[in-house]
Each structure stands twice: as structure tokens, then as C-alpha cells.
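Have a look at structure25.pdb below; it lists PDB, C-alpha atoms.
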```pdb
ATOM      1  CA  MET C  22     -32.010  12.411 114.152
ATOM      2  CA  GLY C  23     -28.505  12.457 112.721
ATOM      3  CA  GLU C  24     -27.598  13.964 109.364
ATOM      4  CA  PHE C  25     -26.874  10.576 107.810
ATOM      5  CA  ASN C  26     -30.103   9.031 109.074
ATOM      6  CA  LYS C  27     -32.154  11.911 107.622
ATOM      7  CA  PHE C  28     -30.796  11.407 104.099
ATOM      8  CA  PHE C  29     -31.074   7.634 104.472
ATOM      9  CA  VAL C  30     -34.764   7.888 105.453
ATOM     10  CA  GLU C  31     -35.517  10.321 102.602
ATOM     11  CA  GLY C  32     -33.832   8.134 100.015
ATOM     12  CA  LEU C  33     -35.539   4.972 101.180
ATOM     13  CA  ALA C  34     -38.895   6.813 101.248
ATOM     14  CA  CYS C  35     -38.482   7.752  97.573
ATOM     15  CA  LEU C  36     -37.523   4.152  96.804
ATOM     16  CA  GLY C  37     -40.605   2.965  98.677
ATOM     17  CA  ALA C  38     -42.798   5.375  96.720
ATOM     18  CA  GLY C  39     -41.449   3.959  93.467
ATOM     19  CA  ILE C  40     -41.941   0.366  94.573
ATOM     20  CA  GLY C  41     -45.429   1.169  95.835
ATOM     21  CA  MET C  42     -46.483   2.410  92.418
ATOM     22  CA  ILE C  43     -46.130  -1.161  91.100
ATOM     23  CA  ALA C  44     -49.744  -1.344  92.309
ATOM     24  CA  GLY C  45     -50.584   0.593  89.139
ATOM     25  CA  MET C  46     -50.361  -2.708  87.281
ATOM     26  CA  GLY C  47     -53.560  -4.090  88.789
ATOM     27  CA  PRO C  48     -55.936  -1.283  87.725
ATOM     28  CA  GLY C  49     -54.311  -1.346  84.271
ATOM     29  CA  ILE C  50     -55.159  -5.000  83.808
ATOM     30  CA  GLY C  51     -58.652  -4.493  85.230
ATOM     31  CA  GLN C  52     -59.459  -1.449  83.092
ATOM     32  CA  GLY C  53     -58.159  -3.166  79.979
ATOM     33  CA  TYR C  54     -60.313  -6.191  80.655
ATOM     34  CA  ALA C  55     -63.385  -3.981  81.210
ATOM     35  CA  ALA C  56     -62.693  -2.086  77.968
ATOM     36  CA  GLY C  57     -62.295  -5.353  76.060
ATOM     37  CA  GLN C  58     -65.559  -6.706  77.410
ATOM     38  CA  GLY C  59     -67.224  -3.380  76.566
ATOM     39  CA  CYS C  60     -65.982  -3.676  72.958
ATOM     40  CA  ALA C  61     -67.332  -7.226  72.785
ATOM     41  CA  ALA C  62     -70.703  -6.081  74.140
ATOM     42  CA  VAL C  63     -70.967  -3.219  71.620
ATOM     43  CA  GLY C  64     -70.014  -5.612  68.817
ATOM     44  CA  ARG C  65     -72.750  -8.023  69.840
ATOM     45  CA  ASN C  66     -75.414  -5.344  70.380
ATOM     46  CA  PRO C  67     -74.529  -1.976  68.776
ATOM     47  CA  GLY C  68     -77.857  -0.464  69.832
ATOM     48  CA  ALA C  69     -76.847  -0.554  73.510
ATOM     49  CA  LYS C  70     -73.669   1.482  72.931
ATOM     50  CA  GLY C  71     -74.654   4.337  75.247
ATOM     51  CA  SER C  72     -75.483   2.295  78.316
ATOM     52  CA  VAL C  73     -72.528  -0.065  77.770
ATOM     53  CA  MET C  74     -70.219   2.953  77.584
ATOM     54  CA  THR C  75     -71.653   4.461  80.801
ATOM     55  CA  THR C  76     -71.408   1.200  82.721
ATOM     56  CA  MET C  77     -67.902   0.556  81.450
ATOM     57  CA  LEU C  78     -66.636   4.003  82.468
ATOM     58  CA  LEU C  79     -68.229   3.682  85.918
ATOM     59  CA  GLY C  80     -66.696   0.252  86.478
ATOM     60  CA  GLN C  81     -63.313   1.414  85.277
ATOM     61  CA  ALA C  82     -63.401   4.391  87.625
ATOM     62  CA  VAL C  83     -64.197   2.118  90.550
ATOM     63  CA  ALA C  84     -61.460  -0.320  89.535
ATOM     64  CA  GLU C  85     -59.005   2.581  89.440
ATOM     65  CA  THR C  86     -59.401   3.234  93.161
ATOM     66  CA  THR C  87     -56.754   0.759  94.360
ATOM     67  CA  GLY C  88     -54.184   2.299  92.033
ATOM     68  CA  LEU C  89     -55.051   5.744  93.345
ATOM     69  CA  TYR C  90     -54.526   4.547  96.923
ATOM     70  CA  SER C  91     -50.953   3.631  96.012
ATOM     71  CA  LEU C  92     -50.574   6.995  94.267
ATOM     72  CA  VAL C  93     -51.694   8.809  97.424
ATOM     73  CA  VAL C  94     -49.260   6.743  99.519
ATOM     74  CA  ALA C  95     -46.434   7.559  97.107
ATOM     75  CA  ILE C  96     -47.264  11.283  97.148
ATOM     76  CA  ILE C  97     -47.360  11.289 100.954
ATOM     77  CA  LEU C  98     -43.992   9.482 101.096
ATOM     78  CA  ILE C  99     -42.355  11.987  98.754
ATOM     79  CA  PHE C 100     -43.931  15.354  99.665
ATOM     80  CA  ALA C 101     -45.230  14.930 103.229
ATOM     81  CA  ASN C 102     -42.987  12.226 104.639
ATOM     82  CA  PRO C 103     -44.039  11.535 108.249
ATOM     83  CA  TYR C 104     -40.665   9.954 109.166
ATOM     84  CA  THR C 105     -38.452  12.973 108.536
ATOM     85  CA  LYS C 106     -40.398  15.403 110.721
TER      86      LYS C 106
ATOM     87  CA  MET H 169     -37.945  24.239  91.901
ATOM     88  CA  GLU H 170     -36.908  27.551  90.366
ATOM     89  CA  GLN H 171     -38.597  27.473  86.999
ATOM     90  CA  GLY H 172     -42.230  27.406  88.038
ATOM     91  CA  LEU H 173     -42.381  23.841  89.371
ATOM     92  CA  ASP H 174     -45.543  24.366  91.412
ATOM     93  CA  LEU H 175     -46.817  21.174  92.998
ATOM     94  CA  GLY H 176     -48.188  22.003  96.376
ATOM     95  CA  ILE H 177     -50.651  24.364  97.965
ATOM     96  CA  ASN H 178     -49.203  27.841  98.442
ATOM     97  CA  GLY H 179     -50.391  30.236 101.101
ATOM     98  CA  TYR H 180     -50.683  33.895 100.128
ATOM     99  CA  ALA H 181     -51.885  35.633 103.272
ATOM    100  CA  SER H 182     -52.293  34.505 106.853
ATOM    101  CA  PHE H 183     -54.493  35.681 109.681
ATOM    102  CA  GLU H 184     -54.940  34.762 113.317
ATOM    103  CA  LEU H 185     -58.248  33.435 114.597
ATOM    104  CA  PHE H 186     -58.873  31.796 117.997
ATOM    105  CA  GLY H 187     -55.132  31.503 118.549
ATOM    106  CA  LYS H 188     -54.483  29.558 115.357
ATOM    107  CA  THR H 189     -52.945  30.661 112.092
ATOM    108  CA  PHE H 190     -55.119  30.270 109.005
ATOM    109  CA  TRP H 191     -53.824  30.646 105.458
ATOM    110  CA  LEU H 192     -55.512  31.986 102.367
ATOM    111  CA  THR H 193     -54.221  29.448  99.833
ATOM    112  CA  ASN H 194     -54.499  29.164  96.072
ATOM    113  CA  THR H 195     -57.242  26.569  96.577
ATOM    114  CA  HIS H 196     -59.420  29.209  98.231
ATOM    115  CA  ILE H 197     -58.779  31.631  95.383
ATOM    116  CA  SER H 198     -59.718  29.012  92.780
ATOM    117  CA  VAL H 199     -62.881  28.094  94.694
ATOM    118  CA  ILE H 200     -63.900  31.735  94.955
ATOM    119  CA  ILE H 201     -63.340  32.240  91.224
ATOM    120  CA  VAL H 202     -65.319  29.085  90.343
ATOM    121  CA  VAL H 203     -68.219  30.034  92.614
ATOM    122  CA  LEU H 204     -68.282  33.579  91.209
ATOM    123  CA  VAL H 205     -68.375  32.227  87.635
ATOM    124  CA  ILE H 206     -71.223  29.845  88.503
ATOM    125  CA  THR H 207     -73.152  32.654  90.240
ATOM    126  CA  ILE H 208     -72.780  35.021  87.293
ATOM    127  CA  LEU H 209     -73.847  32.289  84.845
ATOM    128  CA  ALA H 210     -76.860  31.507  87.046
ATOM    129  CA  ILE H 211     -77.912  35.170  87.180
ATOM    130  CA  ILE H 212     -77.595  35.463  83.379
ATOM    131  CA  ALA H 213     -79.596  32.240  82.914
ATOM    132  CA  ASN H 214     -82.274  33.559  85.281
ATOM    133  CA  ARG H 215     -82.578  36.805  83.260
ATOM    134  CA  ILE H 216     -82.860  34.872  79.990
ATOM    135  CA  ILE H 217     -85.490  32.479  81.347
ATOM    136  CA  ARG H 218     -87.524  35.322  82.834
ATOM    137  CA  LYS H 219     -87.531  37.235  79.556
ATOM    138  CA  ALA H 220     -88.463  34.163  77.506
ATOM    139  CA  ASP H 221     -91.762  34.221  75.651
ATOM    140  CA  PRO H 222     -93.469  30.775  75.689
ATOM    141  CA  SER H 223     -95.423  31.488  72.516
ATOM    142  CA  LYS H 224     -92.309  32.057  70.401
ATOM    143  CA  GLU H 225     -89.532  29.610  69.565
ATOM    144  CA  PRO H 226     -86.571  29.724  72.009
ATOM    145  CA  GLY H 227     -83.413  31.646  71.219
ATOM    146  CA  LYS H 228     -79.859  30.313  71.154
ATOM    147  CA  ALA H 229     -78.982  30.853  74.825
ATOM    148  CA  LEU H 230     -82.310  29.507  76.039
ATOM    149  CA  ASN H 231     -81.773  26.385  73.935
ATOM    150  CA  VAL H 232     -78.421  25.738  75.600
ATOM    151  CA  ILE H 233     -79.937  26.175  79.079
ATOM    152  CA  GLU H 234     -82.775  23.800  78.219
ATOM    153  CA  LEU H 235     -80.254  21.278  76.874
ATOM    154  CA  VAL H 236     -78.231  21.306  80.120
ATOM    155  CA  VAL H 237     -81.305  21.026  82.361
ATOM    156  CA  ASP H 238     -82.761  18.298  80.164
ATOM    157  CA  ALA H 239     -79.524  16.273  80.199
ATOM    158  CA  ILE H 240     -79.255  16.474  84.007
ATOM    159  CA  ASP H 241     -82.934  15.540  84.395
ATOM    160  CA  SER H 242     -82.677  12.534  82.090
ATOM    161  CA  ILE H 243     -79.475  11.209  83.664
ATOM    162  CA  THR H 244     -81.003  11.528  87.139
ATOM    163  CA  ARG H 245     -84.244   9.915  86.001
ATOM    164  CA  SER H 246     -82.478   6.929  84.437
ATOM    165  CA  ASN H 247     -80.515   6.269  87.627
ATOM    166  CA  MET H 248     -83.019   7.033  90.381
ATOM    167  CA  GLY H 249     -86.337   6.079  88.826
ATOM    168  CA  ASP H 250     -89.358   8.163  87.804
ATOM    169  CA  LYS H 251     -90.747   8.340  91.325
ATOM    170  CA  HIS H 252     -87.910   9.855  93.308
ATOM    171  CA  PHE H 253     -85.706  11.802  90.891
ATOM    172  CA  ARG H 254     -87.474  15.178  91.322
ATOM    173  CA  GLY H 255     -86.030  15.698  94.780
ATOM    174  CA  PHE H 256     -82.460  15.008  93.762
ATOM    175  CA  CYS H 257     -81.930  16.481  90.301
ATOM    176  CA  ASN H 258     -81.233  19.945  91.766
ATOM    177  CA  TYR H 259     -78.435  18.685  94.002
ATOM    178  CA  ILE H 260     -76.980  16.406  91.307
ATOM    179  CA  GLY H 261     -77.046  19.254  88.790
ATOM    180  CA  THR H 262     -75.287  21.607  91.204
ATOM    181  CA  LEU H 263     -72.686  18.943  91.979
ATOM    182  CA  MET H 264     -72.051  18.217  88.299
ATOM    183  CA  ILE H 265     -71.685  21.868  87.284
ATOM    184  CA  PHE H 266     -69.395  22.641  90.238
ATOM    185  CA  LEU H 267     -67.229  19.572  89.656
ATOM    186  CA  VAL H 268     -66.946  20.050  85.884
ATOM    187  CA  LEU H 269     -65.912  23.685  86.331
ATOM    188  CA  SER H 270     -63.511  23.062  89.191
ATOM    189  CA  ASN H 271     -61.850  20.041  87.556
ATOM    190  CA  THR H 272     -61.265  21.820  84.256
ATOM    191  CA  VAL H 273     -60.166  25.132  85.767
ATOM    192  CA  GLY H 274     -56.543  23.968  85.465
ATOM    193  CA  ILE H 275     -56.692  24.819  81.783
ATOM    194  CA  PHE H 276     -56.724  28.521  82.720
ATOM    195  CA  GLY H 277     -53.615  28.165  84.862
ATOM    196  CA  LEU H 278     -55.347  28.013  88.235
ATOM    197  CA  ARG H 279     -54.834  25.143  90.641
ATOM    198  CA  PRO H 280     -57.934  22.899  90.495
ATOM    199  CA  PRO H 281     -59.835  23.160  93.809
ATOM    200  CA  THR H 282     -60.508  19.412  93.764
ATOM    201  CA  ALA H 283     -56.759  18.761  94.037
ATOM    202  CA  ASP H 284     -57.198  19.674  97.710
ATOM    203  CA  TYR H 285     -58.370  16.860  99.967
ATOM    204  CA  GLY H 286     -60.524  19.192 102.046
ATOM    205  CA  ILE H 287     -62.945  19.883  99.228
ATOM    206  CA  THR H 288     -63.344  16.322  97.938
ATOM    207  CA  PHE H 289     -63.760  14.980 101.470
ATOM    208  CA  GLY H 290     -66.422  17.596 102.172
ATOM    209  CA  LEU H 291     -68.361  16.587  99.065
ATOM    210  CA  ALA H 292     -68.043  12.909  99.997
ATOM    211  CA  ILE H 293     -69.331  13.636 103.524
ATOM    212  CA  ILE H 294     -72.427  15.275 101.991
ATOM    213  CA  THR H 295     -72.945  12.106  99.939
ATOM    214  CA  PHE H 296     -72.493   9.950 103.053
ATOM    215  CA  PHE H 297     -75.188  11.846 104.950
ATOM    216  CA  LEU H 298     -77.518  11.799 101.934
ATOM    217  CA  ILE H 299     -77.141   8.007 101.671
ATOM    218  CA  HIS H 300     -77.962   7.349 105.312
ATOM    219  CA  ILE H 301     -80.692   9.964 105.785
ATOM    220  CA  ASN H 302     -82.484   8.588 102.728
ATOM    221  CA  GLY H 303     -81.833   5.056 103.948
ATOM    222  CA  PHE H 304     -83.649   5.753 107.204
ATOM    223  CA  ARG H 305     -86.398   7.656 105.391
ATOM    224  CA  TYR H 306     -87.260   4.944 102.871
ATOM    225  CA  GLN H 307     -86.287   1.728 104.683
ATOM    226  CA  LYS H 308     -86.975   2.730 108.310
ATOM    227  CA  MET H 309     -85.175   0.453 110.782
ATOM    228  CA  LYS H 310     -84.339  -2.153 108.140
ATOM    229  CA  HIS H 311     -81.509   0.156 107.086
ATOM    230  CA  LEU H 312     -79.937  -0.343 110.522
ATOM    231  CA  THR H 313     -80.616  -4.055 110.840
ATOM    232  CA  ASP H 314     -79.107  -4.699 107.397
ATOM    233  CA  LEU H 315     -75.731  -3.997 108.984
ATOM    234  CA  PHE H 316     -76.072  -7.094 111.171
ATOM    235  CA  HIS H 317     -77.601  -9.264 108.500
ATOM    236  CA  PRO H 318     -75.140 -12.138 108.590
ATOM    237  CA  ILE H 319     -74.058 -11.719 112.228
ATOM    238  CA  PRO H 320     -70.385 -12.770 111.737
ATOM    239  CA  LEU H 321     -69.951 -10.193 108.934
ATOM    240  CA  THR H 322     -70.973  -7.193 111.066
ATOM    241  CA  PRO H 323     -67.492  -5.580 111.254
ATOM    242  CA  ILE H 324     -67.013  -5.930 107.501
ATOM    243  CA  ASN H 325     -70.399  -4.316 106.828
ATOM    244  CA  ILE H 326     -69.557  -1.372 109.092
ATOM    245  CA  ILE H 327     -66.132  -0.939 107.457
ATOM    246  CA  GLY H 328     -67.834  -1.068 104.055
ATOM    247  CA  GLU H 329     -70.204   1.754 104.999
ATOM    248  CA  VAL H 330     -67.386   3.924 106.372
ATOM    249  CA  ALA H 331     -65.142   3.223 103.365
ATOM    250  CA  THR H 332     -67.647   4.639 100.873
ATOM    251  CA  PRO H 333     -66.940   8.371 101.426
ATOM    252  CA  ILE H 334     -63.205   7.749 101.843
ATOM    253  CA  SER H 335     -62.881   5.869  98.567
ATOM    254  CA  MET H 336     -65.068   8.381  96.704
ATOM    255  CA  SER H 337     -63.069  11.373  97.937
ATOM    256  CA  LEU H 338     -59.695   9.717  97.361
ATOM    257  CA  ARG H 339     -60.692   8.734  93.818
ATOM    258  CA  LEU H 340     -61.523  12.310  92.806
ATOM    259  CA  PHE H 341     -58.561  13.767  94.726
ATOM    260  CA  GLY H 342     -56.028  11.303  93.316
ATOM    261  CA  ASN H 343     -57.134  11.711  89.726
ATOM    262  CA  ILE H 344     -57.031  15.494  89.730
ATOM    263  CA  LEU H 345     -53.856  15.720  91.836
ATOM    264  CA  SER H 346     -51.984  13.301  89.558
ATOM    265  CA  GLY H 347     -52.968  15.424  86.559
ATOM    266  CA  THR H 348     -51.790  18.576  88.342
ATOM    267  CA  ILE H 349     -48.442  17.001  89.303
ATOM    268  CA  ILE H 350     -47.780  15.668  85.802
ATOM    269  CA  MET H 351     -48.596  19.060  84.270
ATOM    270  CA  ALA H 352     -46.315  20.826  86.778
ATOM    271  CA  LEU H 353     -43.478  18.391  85.965
ATOM    272  CA  ILE H 354     -43.982  18.941  82.232
ATOM    273  CA  TYR H 355     -43.960  22.723  82.640
ATOM    274  CA  GLY H 356     -40.938  22.659  84.906
ATOM    275  CA  LEU H 357     -38.693  20.135  83.180
ATOM    276  CA  LEU H 358     -39.240  20.427  79.419
ATOM    277  CA  PRO H 359     -37.045  22.737  77.307
ATOM    278  CA  LYS H 360     -38.582  26.034  76.276
ATOM    279  CA  PHE H 361     -39.280  25.307  72.607
ATOM    280  CA  LEU H 362     -41.244  22.138  73.423
ATOM    281  CA  LEU H 363     -43.419  24.134  75.836
ATOM    282  CA  LEU H 364     -45.007  25.936  72.897
ATOM    283  CA  PHE H 365     -47.267  23.073  71.856
ATOM    284  CA  TRP H 366     -46.780  19.893  73.901
ATOM    285  CA  PRO H 367     -48.562  20.926  77.165
ATOM    286  CA  GLY H 368     -51.661  21.849  75.155
ATOM    287  CA  VAL H 369     -52.075  18.229  74.068
ATOM    288  CA  LEU H 370     -51.716  17.019  77.654
ATOM    289  CA  HIS H 371     -54.105  19.672  78.978
ATOM    290  CA  ILE H 372     -56.832  18.182  76.770
ATOM    291  CA  TYR H 373     -56.386  14.787  78.404
ATOM    292  CA  PHE H 374     -55.562  15.647  82.016
ATOM    293  CA  ASP H 375     -57.864  18.632  82.460
ATOM    294  CA  LEU H 376     -60.758  18.296  80.033
ATOM    295  CA  PHE H 377     -61.175  14.519  79.548
ATOM    296  CA  SER H 378     -60.116  13.278  82.971
ATOM    297  CA  GLY H 379     -61.889  16.121  84.788
ATOM    298  CA  ALA H 380     -65.180  15.587  82.968
ATOM    299  CA  ILE H 381     -65.005  11.803  83.483
ATOM    300  CA  GLN H 382     -64.326  12.199  87.206
ATOM    301  CA  ALA H 383     -67.136  14.749  87.660
ATOM    302  CA  PHE H 384     -69.486  12.334  85.901
ATOM    303  CA  VAL H 385     -68.279   9.364  87.965
ATOM    304  CA  PHE H 386     -68.618  11.198  91.291
ATOM    305  CA  SER H 387     -72.207  12.298  90.637
ATOM    306  CA  MET H 388     -73.045   8.891  89.119
ATOM    307  CA  LEU H 389     -71.806   7.065  92.230
ATOM    308  CA  THR H 390     -73.733   9.496  94.457
ATOM    309  CA  MET H 391     -76.920   8.713  92.518
ATOM    310  CA  VAL H 392     -76.311   4.949  92.539
ATOM    311  CA  PHE H 393     -75.617   4.825  96.285
ATOM    312  CA  ILE H 394     -78.682   6.933  97.113
ATOM    313  CA  ALA H 395     -80.931   4.977  94.734
ATOM    314  CA  LYS H 396     -79.884   1.711  96.401
ATOM    315  CA  ASN H 397     -82.169   2.718  99.294
ATOM    316  CA  PHE H 398     -85.300   3.120  97.170
ATOM    317  CA  GLU H 399     -85.811  -0.536  96.307
ATOM    318  CA  ASP H 400     -87.765  -2.490  98.879
TER     319      ASP H 400
END
```
Can the structure in the file be given as C-alpha cells, please?
Amino acid sequence: MGEFNKFFVEGLACLGAGIGMIAGMGPGIGQGYAAGQGCAAVGRNPGAKGSVMTTMLLGQAVAETTGLYSLVVAIILIFANPYTK
Amino acid sequence: MEQGLDLGINGYASFELFGKTFWLTNTHISVIIVVLVITILAIIANRIIRKADPSKEPGKALNVIELVVDAIDSITRSNMGDKHFRGFCNYIGTLMIFLVLSNTVGIFGLRPPTADYGITFGLAIITFFLIHINGFRYQKMKHLTDLFHPIPLTPINIIGEVATPISMSLRLFGNILSGTIIMALIYGLLPKFLLLFWPGVLHIYFDLFSGAIQAFVFSMLTMVFIAKNFED
């Protein structure tokens, strides 16, 4: 691989990592919606605060997974780029 | 990269085994330290419990031990039911203590062991085998035939079963690794006078809060997936 191509691939990989992290928007919206619904549930029934909190955190952690996939892809593109080997 | 920007896994010593080179990395060192701390705490707890006198009121240390065991028992009981939780609360307790310690070990300047994909994938594989062994034990062959339940959806069901350990391990790995990378960037790029107080605030979020939440979520998901097999 030529010198120019190597730098070109590295630069575009960093650009791709940045664009890929746009996927962080989805989990943000989902977690915010879950937190809002959790607030509404606690307001309606303050006695169930503990179980609402547990369920909300569990659901938010599961909703976060898609964002973390994009994070892993971005980290691989930057630190362990398979195209520049 | 000069001023302590430490993102990756560093090898300290290498040795040859079966014609391959193996490295002793900082993940191994963190794991060994965490396991040693857990072992020492367990030995101390064992001494305290053995010396305890049931006719007197418990001391301070014994109260803390009872609190931890009671919390783990009640969380397992509420997720797995009164009938089955006895067999699992030991494993769930071990998992929780190991994960809480190894996620929050970054606060002492070590690299968290769970920021290495090998460890989280190993834990997720244990969960995968627990799910399916208990599935065959409690549901017999129905556990296998459930895969083909609507015949056209068979490939999706199989992918769903295989995706469980991958998503669980990547969730833990990604959370802890992102915290580690952000902390390394902060330490490497901020000016010296800001380093006196600002990383401490971020350590509370990225190491303590996020680590405890992820340890809780991992053991919670393990319990939920195993307990799915109990209902008939």
C-alpha cells in the first residue's frame, strides 16, 4: 500500500468513526423517554419507587446496547483499524 | 502520547509457551489484585463469622457482612422466585462482588479488568451455559422445540439465542472502556492546574456510578434470563 493511500485510509477511518457515533442519538432519545415514563410512574404511585427505579435502569441499560455497538465500531476503526494492516 | 495518555492494554513481560508468545498485561495484574482483595476479605469474613456468638448481639463487622448477604439474597429471591433462588444466590453474589470491585478499581489508578473483552466475554459465556443447562433441566425437550415454534422464524430465534452473550459482554465492555478512554483523555490533555480537582468529579461518575450500575445490570440480566426457564 502506497504512502498516500495509507494516510487516506487512516483519515477516512477516523471520519467514519465520527459519523458512526451519530448512532448515539438513538439511545439518548430512548433513555430519556424511559426516564420520563419512570418519573410519571413514580408521580402516580410513589410507593412503587424502588421497583420502578430498578425496571427503568434495566431497560435503559438494554436500550444503551445499540449505542455501545457504534462505540465499539468507532474504537476499532481508530485504534485497531483492519484496513491499514 | 507522551504525558501519560494510556488507552490500550500494555504488556509488561512475555513468555513462550507451545511456540506462541504470551504477554503478562496490565489486565492480568488488575485481575490478580482484585482476586487477592476478594480472597483476603473472604478470609476475614470467615474468621469473624466463626468467632461470632449467636447469643449476643452482632458487632459492627458482622452487621455489614449480614447486610451484604441479606441484600444479595433478597435481590435474587425477588427475581428468581422463592423456590429456586437458593441454588443461584452464591453465584450471583460472587458475580456482583467481582464486578463491583473490578469496575471501580479504576479509581485507584489501575486499568479496570472489565475493559478487556476477554473477561466480559468469559463471564457472558458462563451466563450462556447457565441459561441453556437450566433450560434443559426445567423444561426438558420443550426448550429445544421452542426454537422452531413458528417454523418460518427459526433462523431469527437461533440468532436471538446466540446474540444474548454477545450483547451482554459488549454492553459491559463498552461502558467500562468508554469510561477508561474518557479518563485517559482528560488526564492526558488537560492543563496541570485543572488536574488537581476536575478528574475527581469525573471518577465519581465514570468509575463509581457507571461501574456499580453495570455490575448490577449484568447480574440482573443473568438472573432474568435464567429465571425465564422456571415458568412452565
Using only C-alpha atoms, find the residues of chain C whose closest atom to chain H is at most 9 Å away, then write them as a PDB file with C-alpha atoms, in the coordinates of the input.
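What follows is the written file out_4.pdb:
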```pdb
ATOM      1  CA  LEU C  78     -66.636   4.003  82.468  1.00  0.00           C
ATOM      2  CA  LEU C  79     -68.229   3.682  85.918  1.00  0.00           C
ATOM      3  CA  ALA C  82     -63.401   4.391  87.625  1.00  0.00           C
ATOM      4  CA  VAL C  83     -64.197   2.118  90.550  1.00  0.00           C
ATOM      5  CA  GLU C  85     -59.005   2.581  89.440  1.00  0.00           C
ATOM      6  CA  THR C  86     -59.401   3.234  93.161  1.00  0.00           C
ATOM      7  CA  THR C  87     -56.754   0.759  94.360  1.00  0.00           C
ATOM      8  CA  LEU C  89     -55.051   5.744  93.345  1.00  0.00           C
ATOM      9  CA  TYR C  90     -54.526   4.547  96.923  1.00  0.00           C
ATOM     10  CA  LEU C  92     -50.574   6.995  94.267  1.00  0.00           C
ATOM     11  CA  VAL C  93     -51.694   8.809  97.424  1.00  0.00           C
ATOM     12  CA  PHE C 100     -43.931  15.354  99.665  1.00  0.00           C
TER      13      PHE C 100
END
```
Next item on the list: Counting all atoms listed in the file, find the residues whose atoms lie at most 9 Å from (-83.4, 30.7, 77.3) (file coordinates) and write them out as a PyMOL selection string.
Entry: chain H and resi 213-220+226-234
Checklist line | Point-to-point distance from CA of Phe297 (chain H) to CA of Pro333 (chain H), Å rounded to tenths | finding: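 Between CA of Phe297 (chain H) and CA of Pro333 (chain H) the gap is 9.6 Å.
Here CA of Val236 (chain H) is placed at a distance of 9.7 Å from CA of Ile265 (chain H).
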May I have the residues within 8 Å of Glu31 (chain C) as a PDB file with C-alpha atoms, in the frame of the given file, using all atoms listed in the file and disregarding those fewer than 4 positions away in the same chain?
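As a result, selection_18.pdb now contains:
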```
ATOM      1  CA  LYS C  27     -32.154  11.911 107.622  1.00  0.00           C
ATOM      2  CA  CYS C  35     -38.482   7.752  97.573  1.00  0.00           C
ATOM      3  CA  ASN C 102     -42.987  12.226 104.639  1.00  0.00           C
ATOM      4  CA  THR C 105     -38.452  12.973 108.536  1.00  0.00           C
TER       5      THR C 105
END
```
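From CA of Thr348 (chain H) back to CA of Arg279 (chain H), the distance works out to 7.6 Å.
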Margin query: Please expand the PyMOL selection byres ((chain H and resi 281) around 7) into the concrete residues it hits in this file, giving the result as number ranges by chain.
Written below: H: 195, 198-199, 270, 279-280, 282-284
Margin query: Translate the PyMOL selection byres ((chain H and resi 394) around 9) into a concrete residue list for this structure, as number ranges by chain.
Written below: H: 248, 295, 298-300, 302-303, 389-393, 395-398
May I have the centre and edge lengths, in Å to one decimal, of an axis-aligned box around the listed atoms of region 22-35 of chain C with 6 Å added to every side, as AutoDock Vina command-line options?
```
--center_x -32.9 --center_y 9.5 --center_z 105.9 --size_x 24.0 --size_y 21.0 --size_z 28.6
```
